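Next up, work-v6.cif (mmCIF, C-alpha atoms):
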data_start
loop_
_atom_site.group_PDB
_atom_site.id
_atom_site.type_symbol
_atom_site.label_atom_id
_atom_site.label_comp_id
_atom_site.auth_asym_id
_atom_site.auth_seq_id
_atom_site.Cartn_x
_atom_site.Cartn_y
_atom_site.Cartn_z
ATOM 1 C CA MET A 576 97.736 118.514 106.711
ATOM 2 C CA SER A 577 94.312 117.323 105.660
ATOM 3 C CA SER A 578 91.478 115.478 107.329
ATOM 4 C CA THR A 579 91.757 111.734 107.649
ATOM 5 C CA LEU A 580 89.750 108.688 106.707
ATOM 6 C CA SER A 581 87.906 106.913 109.475
ATOM 7 C CA SER A 582 89.649 104.056 111.270
ATOM 8 C CA PRO A 583 90.795 101.324 108.873
ATOM 9 C CA PRO A 584 88.139 98.616 108.566
ATOM 10 C CA SER A 585 88.910 94.950 109.012
ATOM 11 C CA GLU A 586 90.145 93.034 105.981
ATOM 12 C CA ASN A 587 86.678 91.623 105.283
ATOM 13 C CA GLU A 588 85.115 95.065 105.622
ATOM 14 C CA GLN A 589 87.776 96.543 103.345
ATOM 15 C CA LEU A 590 87.166 94.038 100.583
ATOM 16 C CA SER A 591 83.378 94.077 100.845
ATOM 17 C CA SER A 592 83.081 97.871 101.085
ATOM 18 C CA ASN A 593 80.575 99.177 98.548
ATOM 19 C CA LEU A 594 80.314 95.850 96.761
ATOM 20 C CA ASP A 595 76.827 96.807 95.618
ATOM 21 C CA ASN A 596 78.335 99.720 93.697
ATOM 22 C CA THR A 597 80.022 97.320 91.298
ATOM 23 C CA LYS A 598 76.586 96.094 90.239
ATOM 24 C CA SER A 599 75.382 99.553 89.282
ATOM 25 C CA ALA A 600 74.662 100.097 85.619
ATOM 26 C CA ASN A 601 76.455 103.431 85.823
ATOM 27 C CA ILE A 602 79.727 102.220 87.291
ATOM 28 C CA ASN A 603 82.829 103.174 85.336
ATOM 29 C CA VAL A 604 84.268 99.701 84.943
ATOM 30 C CA ASP A 605 84.764 97.045 82.292
ATOM 31 C CA PRO A 606 83.986 93.748 84.105
ATOM 32 C CA SER A 607 86.163 91.798 81.669
ATOM 33 C CA GLU A 608 89.144 93.978 82.602
ATOM 34 C CA VAL A 609 88.569 93.383 86.327
ATOM 35 C CA GLU A 610 88.261 89.646 85.768
ATOM 36 C CA LYS A 611 91.411 89.612 83.656
ATOM 37 C CA PHE A 612 93.514 90.887 86.551
ATOM 38 C CA ASN A 613 91.594 88.938 89.212
ATOM 39 C CA LYS A 614 92.616 85.709 87.488
ATOM 40 C CA LEU A 615 96.265 86.720 87.847
ATOM 41 C CA ALA A 616 95.965 87.756 91.504
ATOM 42 C CA SER A 617 98.210 84.986 92.792
ATOM 43 C CA GLU A 618 101.072 86.350 90.687
ATOM 44 C CA TRP A 619 101.104 89.958 91.931
ATOM 45 C CA TRP A 620 104.051 89.477 94.269
ATOM 46 C CA SER A 621 106.075 87.123 92.088
ATOM 47 C CA THR A 622 108.984 89.021 90.568
ATOM 48 C CA THR A 623 109.072 86.510 87.709
ATOM 49 C CA GLY A 624 105.309 86.200 87.126
ATOM 50 C CA ALA A 625 102.750 88.122 85.086
ATOM 51 C CA PHE A 626 103.579 91.374 86.878
ATOM 52 C CA ALA A 627 107.354 91.130 86.698
ATOM 53 C CA THR A 628 107.451 94.284 84.575
ATOM 54 C CA LEU A 629 105.675 96.286 87.292
ATOM 55 C CA HIS A 630 108.265 95.153 89.829
ATOM 56 C CA GLU A 631 111.036 96.196 87.443
ATOM 57 C CA ILE A 632 109.667 99.683 86.767
ATOM 58 C CA ASN A 633 108.418 100.387 90.276
ATOM 59 C CA PRO A 634 111.634 102.028 91.575
ATOM 60 C CA LEU A 635 111.659 104.374 88.564
ATOM 61 C CA ARG A 636 108.059 105.437 88.910
ATOM 62 C CA LEU A 637 108.288 105.664 92.709
ATOM 63 C CA ASN A 638 111.248 108.044 92.550
ATOM 64 C CA TRP A 639 109.585 110.140 89.850
ATOM 65 C CA ILE A 640 106.398 110.365 91.904
ATOM 66 C CA GLU A 641 108.328 111.514 94.956
ATOM 67 C CA GLU A 642 110.315 114.068 92.946
ATOM 68 C CA ASN A 643 107.076 115.566 91.672
ATOM 69 C CA VAL A 644 105.494 115.576 95.119
ATOM 70 C CA LYS A 645 108.451 117.652 96.335
ATOM 71 C CA ARG A 646 108.242 119.920 93.286
ATOM 72 C CA GLY A 647 104.500 120.422 93.643
ATOM 73 C CA TYR A 648 104.678 121.381 97.276
ATOM 74 C CA GLN A 649 107.697 123.635 96.735
ATOM 75 C CA SER A 650 105.599 125.610 94.265
ATOM 76 C CA ASP A 651 103.257 126.632 97.092
ATOM 77 C CA ASP A 652 104.117 129.812 98.990
ATOM 78 C CA GLY A 653 105.200 129.824 102.626
ATOM 79 C CA ASN A 654 107.798 128.118 104.792
ATOM 80 C CA ASP A 655 105.367 125.447 105.953
ATOM 81 C CA ALA A 656 104.816 124.328 102.364
ATOM 82 C CA HIS A 657 108.577 124.230 101.787
ATOM 83 C CA LYS A 658 109.115 122.054 104.845
ATOM 84 C CA THR A 659 106.326 119.755 103.700
ATOM 85 C CA ALA A 660 107.918 119.515 100.267
ATOM 86 C CA GLU A 661 111.272 118.439 101.682
ATOM 87 C CA THR A 662 109.725 115.350 103.274
ATOM 88 C CA GLY A 663 108.539 114.011 99.920
ATOM 89 C CA LEU A 664 106.040 111.197 100.405
ATOM 90 C CA ALA A 665 106.744 110.910 104.129
ATOM 91 C CA GLY A 666 103.837 112.182 106.168
ATOM 92 C CA LYS A 667 101.568 112.587 103.138
ATOM 93 C CA LYS A 668 98.101 111.080 102.847
ATOM 94 C CA VAL A 669 98.122 109.152 99.572
ATOM 95 C CA ILE A 670 95.438 107.350 97.614
ATOM 96 C CA ASP A 671 96.527 104.836 94.965
ATOM 97 C CA VAL A 672 93.690 104.470 92.447
ATOM 98 C CA GLY A 673 93.577 101.118 90.671
ATOM 99 C CA CYS A 674 96.147 99.736 93.080
ATOM 100 C CA GLY A 675 95.964 96.140 91.867
ATOM 101 C CA GLY A 676 97.987 93.906 94.157
ATOM 102 C CA GLY A 677 99.585 96.828 95.948
ATOM 103 C CA ILE A 678 103.090 96.978 94.456
ATOM 104 C CA LEU A 679 103.194 100.785 94.307
ATOM 105 C CA SER A 680 101.009 101.242 97.397
ATOM 106 C CA GLU A 681 103.437 99.282 99.557
ATOM 107 C CA SER A 682 106.481 101.094 98.241
ATOM 108 C CA MET A 683 104.924 104.478 99.048
ATOM 109 C CA ALA A 684 103.990 103.291 102.544
ATOM 110 C CA ARG A 685 107.588 102.195 103.065
ATOM 111 C CA ARG A 686 108.649 105.770 102.320
ATOM 112 C CA GLY A 687 106.511 107.042 105.159
ATOM 113 C CA ALA A 688 103.228 107.827 103.416
ATOM 114 C CA ASP A 689 99.823 106.940 104.845
ATOM 115 C CA VAL A 690 98.359 105.019 101.904
ATOM 116 C CA THR A 691 94.884 103.907 100.889
ATOM 117 C CA GLY A 692 94.708 101.637 97.859
ATOM 118 C CA VAL A 693 91.430 101.267 95.973
ATOM 119 C CA ASP A 694 90.528 98.748 93.289
ATOM 120 C CA LEU A 695 87.499 96.858 91.989
ATOM 121 C CA GLY A 696 89.247 93.488 91.757
ATOM 122 C CA THR A 697 88.477 91.598 94.964
ATOM 123 C CA GLU A 698 91.154 88.961 94.361
ATOM 124 C CA ASN A 699 93.725 91.671 93.683
ATOM 125 C CA LEU A 700 92.852 93.327 96.986
ATOM 126 C CA LYS A 701 93.070 90.069 98.905
ATOM 127 C CA ALA A 702 96.591 89.572 97.568
ATOM 128 C CA ALA A 703 97.471 93.170 98.438
ATOM 129 C CA ALA A 704 96.038 93.002 101.964
ATOM 130 C CA LEU A 705 97.765 89.690 102.706
ATOM 131 C CA HIS A 706 101.139 91.016 101.580
ATOM 132 C CA ALA A 707 100.680 94.222 103.574
ATOM 133 C CA GLU A 708 99.949 92.169 106.695
ATOM 134 C CA GLN A 709 102.991 89.976 106.091
ATOM 135 C CA SER A 710 105.073 93.132 105.638
ATOM 136 C CA GLY A 711 103.879 94.681 108.898
ATOM 137 C CA LEU A 712 102.405 97.748 107.191
ATOM 138 C CA ASN A 713 98.878 97.567 108.587
ATOM 139 C CA ASP A 714 99.202 100.872 110.451
ATOM 140 C CA THR A 715 99.979 102.946 107.366
ATOM 141 C CA LEU A 716 98.452 100.938 104.508
ATOM 142 C CA ARG A 717 94.869 99.858 103.904
ATOM 143 C CA TYR A 718 92.790 98.756 100.916
ATOM 144 C CA GLN A 719 89.201 99.384 99.902
ATOM 145 C CA HIS A 720 86.924 97.838 97.302
ATOM 146 C CA ILE A 721 85.130 100.933 96.001
ATOM 147 C CA PRO A 722 84.784 102.926 92.771
ATOM 148 C CA VAL A 723 86.978 106.004 93.010
ATOM 149 C CA GLU A 724 84.089 108.220 91.930
ATOM 150 C CA GLU A 725 82.119 107.033 94.971
ATOM 151 C CA LEU A 726 85.056 107.647 97.294
ATOM 152 C CA ALA A 727 85.435 111.169 95.898
ATOM 153 C CA LYS A 728 81.896 111.976 97.032
ATOM 154 C CA THR A 729 82.666 111.186 100.668
ATOM 155 C CA HIS A 730 86.367 112.082 100.956
ATOM 156 C CA ALA A 731 86.764 115.123 98.725
ATOM 157 C CA GLY A 732 89.892 117.148 99.437
ATOM 158 C CA GLN A 733 91.273 114.667 101.962
ATOM 159 C CA PHE A 734 94.459 113.498 100.233
ATOM 160 C CA ASP A 735 97.810 115.165 99.623
ATOM 161 C CA VAL A 736 98.841 112.873 96.755
ATOM 162 C CA VAL A 737 96.858 110.766 94.274
ATOM 163 C CA THR A 738 98.417 108.149 92.011
ATOM 164 C CA CYS A 739 96.641 106.337 89.188
ATOM 165 C CA MET A 740 99.055 104.088 87.329
ATOM 166 C CA GLU A 741 98.388 101.758 84.388
ATOM 167 C CA MET A 742 94.628 102.039 84.917
ATOM 168 C CA LEU A 743 93.172 104.716 82.642
ATOM 169 C CA GLU A 744 93.558 102.545 79.547
ATOM 170 C CA HIS A 745 91.409 99.846 81.179
ATOM 171 C CA VAL A 746 88.204 101.791 81.954
ATOM 172 C CA PRO A 747 85.307 102.964 79.731
ATOM 173 C CA ASP A 748 85.534 106.618 80.849
ATOM 174 C CA PRO A 749 89.054 107.677 81.889
ATOM 175 C CA SER A 750 88.031 111.339 82.181
ATOM 176 C CA SER A 751 85.701 110.389 85.046
ATOM 177 C CA ILE A 752 88.656 108.843 86.895
ATOM 178 C CA VAL A 753 90.765 111.969 86.373
ATOM 179 C CA GLN A 754 87.933 114.148 87.687
ATOM 180 C CA ALA A 755 87.604 111.947 90.778
ATOM 181 C CA CYS A 756 91.360 112.223 91.374
ATOM 182 C CA PHE A 757 91.001 116.015 91.309
ATOM 183 C CA GLU A 758 88.126 115.911 93.784
ATOM 184 C CA LEU A 759 90.041 113.680 96.203
ATOM 185 C CA LEU A 760 93.059 115.990 96.324
ATOM 186 C CA ALA A 761 93.454 118.771 98.822
ATOM 187 C CA PRO A 762 94.301 122.160 97.258
ATOM 188 C CA GLY A 763 98.003 122.247 96.444
ATOM 189 C CA GLY A 764 98.121 118.467 96.079
ATOM 190 C CA VAL A 765 99.879 116.447 93.377
ATOM 191 C CA CYS A 766 98.406 113.738 91.151
ATOM 192 C CA VAL A 767 100.529 111.361 89.051
ATOM 193 C CA LEU A 768 98.910 109.470 86.173
ATOM 194 C CA SER A 769 100.418 106.906 83.830
ATOM 195 C CA THR A 770 99.083 105.327 80.666
ATOM 196 C CA ILE A 771 100.048 104.416 77.076
ATOM 197 C CA ASN A 772 100.132 106.709 74.047
ATOM 198 C CA ARG A 773 98.080 105.763 70.973
ATOM 199 C CA ASN A 774 100.041 105.624 67.715
ATOM 200 C CA PRO A 775 101.597 102.982 65.430
ATOM 201 C CA LYS A 776 104.783 102.867 67.533
ATOM 202 C CA SER A 777 102.879 102.202 70.757
ATOM 203 C CA TYR A 778 100.922 99.417 69.052
ATOM 204 C CA LEU A 779 104.171 97.849 67.904
ATOM 205 C CA PHE A 780 105.931 98.179 71.254
ATOM 206 C CA ALA A 781 103.155 97.823 73.859
ATOM 207 C CA ILE A 782 101.103 95.096 72.180
ATOM 208 C CA VAL A 783 103.072 93.272 69.483
ATOM 209 C CA GLY A 784 106.421 93.565 71.256
ATOM 210 C CA ALA A 785 105.450 93.327 74.932
ATOM 211 C CA GLU A 786 102.631 90.790 74.620
ATOM 212 C CA TYR A 787 103.578 88.631 71.636
ATOM 213 C CA VAL A 788 107.321 88.839 71.010
ATOM 214 C CA LEU A 789 108.973 89.509 74.385
ATOM 215 C CA ARG A 790 106.029 88.139 76.401
ATOM 216 C CA LEU A 791 106.559 90.729 79.116
ATOM 217 C CA LEU A 792 102.767 90.820 79.517
ATOM 218 C CA ASP A 793 100.000 88.287 78.961
ATOM 219 C CA ARG A 794 98.312 88.469 75.571
ATOM 220 C CA GLY A 795 95.201 90.596 75.673
ATOM 221 C CA THR A 796 96.449 92.770 78.534
ATOM 222 C CA HIS A 797 95.902 95.907 76.465
ATOM 223 C CA ASP A 798 93.356 97.172 73.951
ATOM 224 C CA TYR A 799 94.906 99.612 71.476
ATOM 225 C CA ALA A 800 91.639 101.517 71.061
ATOM 226 C CA LYS A 801 91.755 102.449 74.761
ATOM 227 C CA PHE A 802 95.239 103.974 74.638
ATOM 228 C CA ILE A 803 95.339 107.702 75.436
ATOM 229 C CA THR A 804 97.476 110.362 73.783
ATOM 230 C CA PRO A 805 99.239 112.965 75.964
ATOM 231 C CA ALA A 806 97.070 115.662 74.375
ATOM 232 C CA GLU A 807 93.921 113.779 75.335
ATOM 233 C CA LEU A 808 95.152 113.269 78.894
ATOM 234 C CA ASP A 809 96.175 116.928 79.103
ATOM 235 C CA LYS A 810 92.618 117.921 78.155
ATOM 236 C CA MET A 811 91.088 115.552 80.726
ATOM 237 C CA ALA A 812 93.356 116.998 83.409
ATOM 238 C CA ALA A 813 92.699 120.614 82.410
ATOM 239 C CA ASP A 814 88.942 120.024 82.246
ATOM 240 C CA ALA A 815 89.101 118.596 85.770
ATOM 241 C CA GLY A 816 90.919 121.706 87.012
ATOM 242 C CA PHE A 817 94.529 120.528 87.103
ATOM 243 C CA THR A 818 97.623 122.325 85.845
ATOM 244 C CA ARG A 819 100.339 120.206 84.261
ATOM 245 C CA GLN A 820 103.602 119.973 86.191
ATOM 246 C CA ASP A 821 105.724 117.453 84.283
ATOM 247 C CA ILE A 822 105.596 114.587 81.800
ATOM 248 C CA ILE A 823 108.073 111.770 81.145
ATOM 249 C CA GLY A 824 108.332 108.628 79.025
ATOM 250 C CA LEU A 825 109.208 105.147 80.259
ATOM 251 C CA HIS A 826 111.519 103.115 78.009
ATOM 252 C CA TYR A 827 112.830 99.558 77.789
ATOM 253 C CA ASN A 828 115.748 97.931 75.983
ATOM 254 C CA PRO A 829 114.961 94.219 75.433
ATOM 255 C CA ILE A 830 118.624 93.412 74.791
ATOM 256 C CA THR A 831 120.052 94.923 77.972
ATOM 257 C CA LYS A 832 116.746 94.465 79.832
ATOM 258 C CA ARG A 833 117.089 97.969 81.212
ATOM 259 C CA TYR A 834 114.296 100.456 81.953
ATOM 260 C CA TRP A 835 114.820 104.203 82.050
ATOM 261 C CA LEU A 836 112.969 107.513 81.913
ATOM 262 C CA ALA A 837 113.379 109.997 79.043
ATOM 263 C CA GLN A 838 111.509 112.868 77.407
ATOM 264 C CA ASN A 839 110.140 110.768 74.528
ATOM 265 C CA VAL A 840 106.503 109.904 75.351
ATOM 266 C CA ASP A 841 105.688 107.860 72.234
ATOM 267 C CA VAL A 842 104.721 104.729 74.185
ATOM 268 C CA ASN A 843 104.466 104.501 77.993
ATOM 269 C CA TYR A 844 104.400 107.792 79.848
ATOM 270 C CA MET A 845 103.640 109.415 83.198
ATOM 271 C CA THR A 846 102.334 112.886 83.846
ATOM 272 C CA ALA A 847 102.265 114.865 87.086
ATOM 273 C CA VAL A 848 99.531 117.456 87.574
ATOM 274 C CA HIS A 849 98.902 119.951 90.367
ATOM 275 C CA LYS A 850 95.675 121.091 92.016
ATOM 276 C CA PRO A 851 95.847 124.886 92.440
ATOM 277 C CA MET A 852 95.558 126.333 95.939
ATOM 278 C CA GLY A 853 92.588 128.500 95.112
#
Take the structure in the file and write it out as structure tokens.
Amino acid sequence: MSSTLSSPPSENEQLSSNLDNTKSANINVDPSEVEKFNKLASEWWSTTGAFATLHEINPLRLNWIEENVKRGYQSDDGNDAHKTAETGLAGKKVIDVGCGGGILSESMARRGADVTGVDLGTENLKAAALHAEQSGLNDTLRYQHIPVEELAKTHAGQFDVVTCMEMLEHVPDPSSIVQACFELLAPGGVCVLSTINRNPKSYLFAIVGAEYVLRLLDRGTHDYAKFITPAELDKMAADAGFTRQDIIGLHYNPITKRYWLAQNVDVNYMTAVHKPMG
């Protein structure tokens, strides 16, 4: 339904693409954050390693993303839009911003989406590309080492769905990322963002609890000062041109070890926003 990226480059081309951009003084990246996740690259696909939590929550977030893709496309007028909505992620061109080792990217490709994952961590992307090759997903899944703002300049309006999960709280200027997500989307497209609220409860749960008590995450994974309230994210999205579609909180019970979605957005939350048709 929208124009496509050029033919997927080779793995070396994918991972070296726009490397010079990461050296720019203006790039929207915290090098220490990139290095933090690069050092853990070998653990991306271990369900018991540093990213075990992402594996646990992935089915929840994947289903919620697909539900909101259907909802967003159903809101557009016309039978063609309705038929497109019914397919969910299948047949959609998707870009996964801050894809890390590709956990979400792969799961969306398995549901029939044509997925491009972008990240600035070269080791993360090597792990993602290797796993994609082992999984036989090369035809519908590719990775690129490029700042999303740079990609938005050359591929504006070329994606049906944009996801940006667990990334906004790791960059100096999250509003710039949200704006780039808007630019990448075709009119009528859906963007899903996730991050962590900023309040005493989120500090207790996301840092003290998750990093120090339960050890679900490595210590130092998060910086409380970079957490983003729903109101702040709403403003970033509105300033970019989005309209809000839905918002949901992600919850965890350390006793039962169960994750679920609920309306309370005090700690971890996801929001779905829509790019108007005109």
Surrounding residues of Lys850 (chain A) excluding itself and chain neighbours under 3 positions, 8 Å, all atoms listed in the file, as a list in words =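 The neighbour list is Phe757, Leu760, Ala761, Pro762, Gly763, Gly764, Val765, Cys766, Gly816, Phe817 and Thr818 of chain A.
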Which residue, A:Met740, A:Ala688, A:Val609, A:Ala627, has the smallest gap to Val672 (chain A) when you use only C-alpha atoms?
->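 Looking only at the distances to Val672 (chain A), the closest residue turns out to be A:Met740.
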Residues at most 8 Å from Leu637 (chain A), counting all atoms listed in the file, excluding those fewer than 6 positions away in the same chain, as a PyMOL selection string?
-> chain A and resi 679+682-683
For the selection just defined, write its residues with C-alpha atoms to a file, as a compact mmCIF listing (two decimals), in the coordinates of the input.
# COMPACT_ATOMS: atom_id res chain seq x y z
CA LEU A 679 103.19 100.78 94.31
CA SER A 682 106.48 101.09 98.24
CA MET A 683 104.92 104.48 99.05
Kindly give the distance, in Å, that separates CA of Gly663 (chain A) and CA of Gly675 (chain A), rounded to a single decimal.
->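 So the answer is 23.3 Å.
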Of the candidates A:Asp809, A:Tyr778, A:Glu725, A:His797, which shows the shortest atom-to-atom distance to Ile602 (chain A), using all atoms listed in the file?
->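 Checking each candidate against Ile602 (chain A), we get A:Glu725 as the closest.
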Run the PyMOL selection byres ((chain A and resi 630) around 12) on the file and write out the hits as a ChimeraX atom specification.
-> /A:618-629,631-637,676-679,681-682,791,834
Since I can't run it myself right now, could you work out what the PyMOL selection byres ((chain A and resi 684) around 10) selects here and report it as a compact mmCIF listing (two decimals) with C-alpha atoms, in the coordinates of the input?
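In the end it all went to selection18.txt:
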# COMPACT_ATOMS: atom_id res chain seq x y z
CA LEU A 664 106.04 111.20 100.40
CA ALA A 665 106.74 110.91 104.13
CA GLY A 666 103.84 112.18 106.17
CA LYS A 667 101.57 112.59 103.14
CA LYS A 668 98.10 111.08 102.85
CA VAL A 669 98.12 109.15 99.57
CA LEU A 679 103.19 100.78 94.31
CA SER A 680 101.01 101.24 97.40
CA GLU A 681 103.44 99.28 99.56
CA SER A 682 106.48 101.09 98.24
CA MET A 683 104.92 104.48 99.05
CA ARG A 685 107.59 102.20 103.06
CA ARG A 686 108.65 105.77 102.32
CA GLY A 687 106.51 107.04 105.16
CA ALA A 688 103.23 107.83 103.42
CA ASP A 689 99.82 106.94 104.84
CA VAL A 690 98.36 105.02 101.90
CA THR A 691 94.88 103.91 100.89
CA ALA A 707 100.68 94.22 103.57
CA LEU A 712 102.40 97.75 107.19
CA ASN A 713 98.88 97.57 108.59
CA ASP A 714 99.20 100.87 110.45
CA THR A 715 99.98 102.95 107.37
CA LEU A 716 98.45 100.94 104.51
CA ARG A 717 94.87 99.86 103.90
Quick one: everything within 6 Å of Arg773 (chain A), counting all atoms listed in the file, minus sequence neighbours fewer than 3 positions away in the same chain. Send it as a short mmCIF file (atom, residue, chain, number, x, y, z; two decimals) with C-alpha atoms, in the coordinates of the input.
data_model
loop_
_atom_site.label_atom_id
_atom_site.label_comp_id
_atom_site.auth_asym_id
_atom_site.auth_seq_id
_atom_site.Cartn_x
_atom_site.Cartn_y
_atom_site.Cartn_z
CA SER A 777 102.88 102.20 70.76
CA PHE A 802 95.24 103.97 74.64
CA ILE A 803 95.34 107.70 75.44
CA THR A 804 97.48 110.36 73.78
#
Among listed residues A:Asn613, A:Gln719, A:Ser750, A:Asn843, nearest Ala781 (chain A) (using only C-alpha atoms) =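 Smallest separation from Ala781 (chain A) among the options: A:Asn843.
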Surrounding residues of Leu768 (chain A) excluding itself and chain neighbours under 5 positions, 8 Å, all atoms listed in the file, as a PyMOL selection string | chain A and resi 738-741+845-847
Among listed residues A:Arg794, A:Asn772, A:Leu836, A:Glu661, nearest Val644 (chain A) (using only C-alpha atoms) = A:Glu661
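Here CA of Ala812 (chain A) and CA of Val848 (chain A) stand 7.5 Å from one another.
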